[in-house]
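> Sharing a structure here in structure tokens format.
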Amino acid sequence: MTLPTSPSSLDDLQAKAAAVHEALPWIKRLSGCTVVVKYGGAAMGTAGFDAFVDDVVLLRYVGVDVIVVHGGGPEVSQLMTRFGKEPVFVDGHRVTDAETMDLARMVLVGRVNKTLVGRINTHGRLAVGLSGEDGLLLVARPRVDPGGRDLGYVGDVAAVDPTALRALTDKGLVPVVATVAAGPEGLPYNVNADAAAGSLLEQLTVDEVEAILVGGQVASGMVPKLTGIVTALRGGVRRAHILDGRREHALLLELFTDSGVGTMVAGEEEEAS
């Protein structure tokens, strides 16, 4: 015998069906595309972390090639403090001497990366952990500070070789990349991947982002993120999205709903379409 469904339950089910229906055109648009998700270390351990993992898995199962690039700044700072070292930042970049680089590598590659990979893989054989050093995925040049300050082993990305990433995504796997890059003489370099926070704007253009950077209208922690977005969009990426990773299911809400919950920055090709 089947019990009747209450009106309130029907309303809930219809709302869920409507949400799936709203997501359909966005799923069709993204299926077969590559989405690179940068997950900041500040969002790990929050209520949104489990939802983020679920979102990544769902994206993979609806046909999106997902690449996760993660930070781990808070954990690096905590370990530095335990070793008696005071974290110092210049324009959002961590000043990194040799010992700090060893600690950052230990945290990013050995702890944060493995945590993300392990959580994603509770859903099946999906995630593979990488460092930017693996297969020379990320090659860095030493960062030159405009103020002449010595930042140590801090690098800007000089080259990206996606060979390893494509080998994995072609097999339906999700690469999870720790932001440690290969620098001169094979030494590891710290590439900024800190979480950033800012005011919520529904949409910006790449020109508007550049104007914000020139005008100094954002906190220092936001500068590397916006600079990376400009570089990606000028390099041919169609869209970039800035989200609060602490919000549950922020990734799905941004990609698969009409209104979104973050800031979309449109590249030149997207603006013209």
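Letters A, B, ... mark the chains of the structure tokens in the order given; residue numbers begin at 1 per chain; ligand numbers begin at 1, in order shown.
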Name the residues of stretch 51-177 of chain A that come out as helix (DSSP H, G or I) in a backbone DSSP run; write them as a ChimeraX atom specification.

/A:51-61,73-82,98-123,134-136,163-169

> Select from stretch 4-54 of chain A every residue with an atom at most 12 Å from any atom of stretch 122-131 of chain A, then for each give the shortest pair of atoms and their distance in Å to one decimal, using only C-alpha atoms, rows by chain and rising number, as a tab-separated table.


```
residue	atom	partner	partner_atom	distance
A:Asp50	CA	A:Thr122	CA	11.2
A:Val53	CA	A:His123	CA	9.3
A:Asp54	CA	A:His123	CA	8.5
```

> Ranking A:Val20, A:Ala240, A:Leu108, A:Arg143 by minimum distance to A:Asp258 and counting only C-alpha atoms, which one comes first?

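So, comparing all the options, the nearest one is A:Val20.
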
> Any idea what's packed within 12 Å of A:Val56, counting only C-alpha atoms, ignoring anything in its chain fewer than 2 positions away? Could you give it as a VMD selection string?

chain A and resid 35 to 39 49 to 54 58 to 69 116 to 117 119 to 121 123 126 to 127 173 to 176 249 to 252 255

> Skip A:Tyr189 itself and residues of its chain fewer than 4 positions away, then list as a PyMOL selection string all residues within 9 Å of it, counting only C-alpha atoms.

chain A and resi 96+101+105+139-142+152-156+179-184

> Per DSSP on the backbone, what are the strand (DSSP E or B) residues of stretch 44-259 of chain A, as a PyMOL selection string?

chain A and resi 65-70+89-90+93-94+96+127-131+138-142+152+154-160+174-178+180-182+188-190+203-205+239-242

> Have a look at A:Ile229, A:Ala104, A:Ala158, A:Val95 and name the one nearest to A:Asp145; count only C-alpha atoms.

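Of the candidates, the smallest distance to A:Asp145 is held by A:Val95.
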